[in-house]
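Undergrad: Before I ask anything, here is the structure I am working with.
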Amino acid sequence: MSPTHVPPSMLEASRIKSLATEVGFDLCGITTAGFLDGEESHLREWLEAGCHGTLGYMERNIDKRLDVSTLVDGARSVIVCALHYPRVRYNATATDKIASFACIPDYHKTVKEKLHQMLVQLGVSGRAFVDSAPLLEKQLAINAGLGWRGRQSLLITPEFGPWVVLGELVVTEVVDMYDEPFGPSRCGQCRACVQACPAGGRALIQDSVLDVRHCVSYLTQQGSGNSENLHGWKWGCDECLNACPYGK
């Protein structure tokens with residue numbers, strides 16, 4: 001429960017979440033800034049296995065990915081916001097499919113504008129991030145209680161399934177109440193995403209572990225695929241998202 005008196009230097013979680021709704025976010029959670037225990041070994045193993053393909057930037061700034069306080073001096077809290085976006089439906093024989101996230105106005109600009117609005121109205125010191133810095137945003141979202149990491153490695157929210165984009169505010173203030181990390185995965189025995197993936201077990205090599213070298217979304221964006229293995233996708237791929245029961 002929140003304390004009856006909040007010191008002037010402490011932010012109120014209720015105000016943060018109300019403001020997130022006002023600027024247009026669909027979900028908001030808050031977690032502490034600090035080292036992400038347990039993520040370092042997973043990240044290093046993934047990189048050592050070459051699952052990042054040609055994404056060389058993933059090998060850099062590992063310390064920053066694991067600890068957001070290295071990105072903002074004096075960071076104390078991370079406000080994670082999510083924006084739901086609609087999926088675009090295609091028929092099975094379509095040959096010019098574009099991932100749904102690419103069919104909306106550039107979410108990097110949209111989300112960052114909303115985050116900056118929040119930062120100004122909160123009157124605090126911090127930085128806004130939308131795919132613009134080396135931080136593990138999915139894990140931060142899990143720690144902030146927004147959802148869990150699905151079998152296809154994406155964040156899945158109870159409200160919108162995987163159909164969300166994320167943005168973060170890393171601030172120097174303490175918040176009066178932090179959200180509990182999301183509990184265990186709710187995927188259960190479902191393997192719909194694996195069965196729907198054009199590359200199947202070659203891309204989703206184990207639960208929540210993606211080998212991008214076989215992912216159609218990666219192949220289209222890196223220009224390294226061919227018409228036979230892209231299954232009609234021109235940019236990105238929604239197959240595992242479409243298959244997720246939580247996104248229906």
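Ligands are numbered from 1 in the order shown, residues from 1 within each chain, and chains are lettered A, B, ... in the order they appear in the structure tokens.
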Enumerate, as number ranges by chain, the complete set of residues in region 3-235 of chain A that a backbone-based DSSP assignment places in strand (DSSP E or B).
TA: A: 10-11, 27-32, 35, 67, 77-84, 97-98, 126-129, 148-149, 155-157, 161, 164-171, 174-175, 204-206, 209-210, 233-235
Undergrad: For those residues, write C-alpha atoms to a file as a PDB file, in the first residue's frame.
TA:
```
ATOM      1  CA  MET A  10       9.134  10.947  -4.306  1.00  0.00           C
ATOM      2  CA  LEU A  11       6.802  10.314  -7.219  1.00  0.00           C
ATOM      3  CA  LEU A  27      -0.515   0.087 -20.188  1.00  0.00           C
ATOM      4  CA  CYS A  28       1.945   1.427 -17.645  1.00  0.00           C
ATOM      5  CA  GLY A  29       4.080  -0.303 -15.041  1.00  0.00           C
ATOM      6  CA  ILE A  30       6.906   0.852 -12.790  1.00  0.00           C
ATOM      7  CA  THR A  31      10.022  -0.951 -11.623  1.00  0.00           C
ATOM      8  CA  THR A  32      13.280  -0.063  -9.940  1.00  0.00           C
ATOM      9  CA  PHE A  35      21.172  -4.483 -12.466  1.00  0.00           C
ATOM     10  CA  ASP A  67      21.820  -1.938 -15.863  1.00  0.00           C
ATOM     11  CA  SER A  77      13.064   4.131 -11.383  1.00  0.00           C
ATOM     12  CA  VAL A  78      11.921   2.889 -14.788  1.00  0.00           C
ATOM     13  CA  ILE A  79       8.428   3.700 -16.047  1.00  0.00           C
ATOM     14  CA  VAL A  80       7.476   1.233 -18.776  1.00  0.00           C
ATOM     15  CA  CYS A  81       4.604   2.186 -21.074  1.00  0.00           C
ATOM     16  CA  ALA A  82       2.917   0.145 -23.778  1.00  0.00           C
ATOM     17  CA  LEU A  83       0.840   1.196 -26.764  1.00  0.00           C
ATOM     18  CA  HIS A  84      -1.479  -1.298 -28.418  1.00  0.00           C
ATOM     19  CA  LYS A  97       2.474  -8.756 -46.631  1.00  0.00           C
ATOM     20  CA  ILE A  98       3.843  -6.102 -44.288  1.00  0.00           C
ATOM     21  CA  GLY A 126      15.343  11.469 -16.804  1.00  0.00           C
ATOM     22  CA  ARG A 127      15.424  10.192 -20.363  1.00  0.00           C
ATOM     23  CA  ALA A 128      12.936   8.621 -22.738  1.00  0.00           C
ATOM     24  CA  PHE A 129      13.829   5.522 -24.742  1.00  0.00           C
ATOM     25  CA  TRP A 148       5.507 -12.334 -19.654  1.00  0.00           C
ATOM     26  CA  ARG A 149       7.979 -13.514 -22.265  1.00  0.00           C
ATOM     27  CA  LEU A 155       6.337  -9.813 -24.558  1.00  0.00           C
ATOM     28  CA  ILE A 156       2.749 -11.018 -24.135  1.00  0.00           C
ATOM     29  CA  THR A 157       0.285  -8.899 -22.176  1.00  0.00           C
ATOM     30  CA  GLY A 161      -1.392 -10.297 -26.301  1.00  0.00           C
ATOM     31  CA  VAL A 164       2.107  -3.752 -28.217  1.00  0.00           C
ATOM     32  CA  VAL A 165       5.111  -1.484 -28.650  1.00  0.00           C
ATOM     33  CA  LEU A 166       7.093  -0.315 -25.652  1.00  0.00           C
ATOM     34  CA  GLY A 167       8.731   2.857 -24.416  1.00  0.00           C
ATOM     35  CA  GLU A 168      10.564   3.639 -21.201  1.00  0.00           C
ATOM     36  CA  LEU A 169      11.202   6.620 -18.969  1.00  0.00           C
ATOM     37  CA  VAL A 170      14.292   6.219 -16.812  1.00  0.00           C
ATOM     38  CA  VAL A 171      14.035   8.791 -14.031  1.00  0.00           C
ATOM     39  CA  VAL A 174      12.030   7.114  -6.313  1.00  0.00           C
ATOM     40  CA  VAL A 175       8.380   6.080  -6.701  1.00  0.00           C
ATOM     41  CA  LEU A 204      12.278 -20.707 -32.132  1.00  0.00           C
ATOM     42  CA  ILE A 205      15.013 -23.034 -30.972  1.00  0.00           C
ATOM     43  CA  GLN A 206      13.669 -23.355 -27.424  1.00  0.00           C
ATOM     44  CA  VAL A 209      14.767 -18.146 -27.390  1.00  0.00           C
ATOM     45  CA  LEU A 210      14.823 -16.785 -30.936  1.00  0.00           C
ATOM     46  CA  TRP A 233       6.286 -11.247 -46.340  1.00  0.00           C
ATOM     47  CA  LYS A 234       7.895  -8.084 -47.687  1.00  0.00           C
ATOM     48  CA  TRP A 235       8.737  -6.444 -44.357  1.00  0.00           C
TER      49      TRP A 235
END
```
Undergrad: Would you kindly return, as a ChimeraX atom specification, each protein, DNA or RNA residue with an atom no farther than 9 Å from any atom of Asp211 (chain A), considering only C-alpha atoms and excluding same-chain residues fewer than 6 positions away?
TA: /A:46,49-53,202-205
Undergrad: Which of these residues is nearest to Ser9 (chain A), using only C-alpha atoms: A:Val124, A:Cys193, A:Leu43, A:Val23?
TA: A:Val124
Undergrad: Between CA of Ser18 (chain A) and CA of Pro245 (chain A), what is the distance in Å, rounded to a tenth?
TA: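 Going from CA of Ser18 (chain A) over to CA of Pro245 (chain A) covers 29.0 Å.
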Undergrad: Considering only C-alpha atoms, can you say which of A:Pro158, A:Gly147, A:Pro198, A:Gly247 comes closest to Leu230 (chain A)?
TA: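 Looking at the shortest contact to Leu230 (chain A), the residue is A:Pro198.
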Undergrad: Here is a test: counting only C-alpha atoms, which residue of A:Glu239, A:Gly183, A:Leu122, A:Pro162 is nearest to Cys197 (chain A)?
TA: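 Ranked by minimum distance to Cys197 (chain A), first place goes to A:Glu239.
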Undergrad: Identify, on the basis of only C-alpha atoms, every residue whose closest approach to region 217-219 of chain A does not exceed 8 Å; exclude the query and any residue fewer than 3 positions from it along the same chain; express the result as JSON, numbers by chain.
TA: {"A": [212, 213, 214, 222, 223, 224, 225, 230, 235, 236, 237]}
Undergrad: Got time to write the residues from that selection, C-alpha atoms, as a PDB file, in the first residue's frame?
TA:
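Output file part.pdb is given in full below:
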```
ATOM      1  CA  VAL A 212      17.096 -14.425 -35.740  1.00  0.00           C
ATOM      2  CA  ARG A 213      19.090 -16.032 -38.549  1.00  0.00           C
ATOM      3  CA  HIS A 214      15.994 -18.040 -39.460  1.00  0.00           C
ATOM      4  CA  GLN A 222      18.163  -7.373 -43.425  1.00  0.00           C
ATOM      5  CA  GLY A 223      17.457  -8.131 -47.084  1.00  0.00           C
ATOM      6  CA  SER A 224      18.954 -11.599 -46.750  1.00  0.00           C
ATOM      7  CA  GLY A 225      15.972 -13.778 -47.601  1.00  0.00           C
ATOM      8  CA  LEU A 230       9.823 -15.408 -46.884  1.00  0.00           C
ATOM      9  CA  TRP A 235       8.737  -6.444 -44.357  1.00  0.00           C
ATOM     10  CA  GLY A 236       8.552  -8.109 -40.966  1.00  0.00           C
ATOM     11  CA  CYS A 237       6.359 -11.090 -40.136  1.00  0.00           C
TER      12      CYS A 237
END
```
Undergrad: Taking only residues of region 202-243 of chain A that have an atom at most 10 Å from an atom of region 189-192 of chain A, what is each one's shortest atom pair and its distance in Å to one decimal, using only C-alpha atoms, in chain and number order, as JSON lines?
TA:
```
{"residue": "A:Asp207", "atom": "CA", "partner": "A:Arg191", "partner_atom": "CA", "distance": 9.5}
{"residue": "A:Glu239", "atom": "CA", "partner": "A:Ala192", "partner_atom": "CA", "distance": 9.8}
{"residue": "A:Cys240", "atom": "CA", "partner": "A:Ala192", "partner_atom": "CA", "distance": 7.5}
{"residue": "A:Leu241", "atom": "CA", "partner": "A:Ala192", "partner_atom": "CA", "distance": 9.5}
{"residue": "A:Asn242", "atom": "CA", "partner": "A:Ala192", "partner_atom": "CA", "distance": 9.3}
{"residue": "A:Ala243", "atom": "CA", "partner": "A:Ala192", "partner_atom": "CA", "distance": 5.6}
```
Undergrad: Would you put the residues from that selection into a file with C-alpha atoms, as a compact mmCIF listing (two decimals), in the first residue's frame?
TA:
```
# COMPACT_ATOMS: atom_id res chain seq x y z
CA ASP A 207 11.12 -21.66 -25.21
CA GLU A 239 2.81 -15.25 -38.11
CA CYS A 240 3.72 -16.00 -34.49
CA LEU A 241 1.72 -12.99 -33.28
CA ASN A 242 -1.35 -13.99 -35.27
CA ALA A 243 -1.21 -17.48 -33.83
```
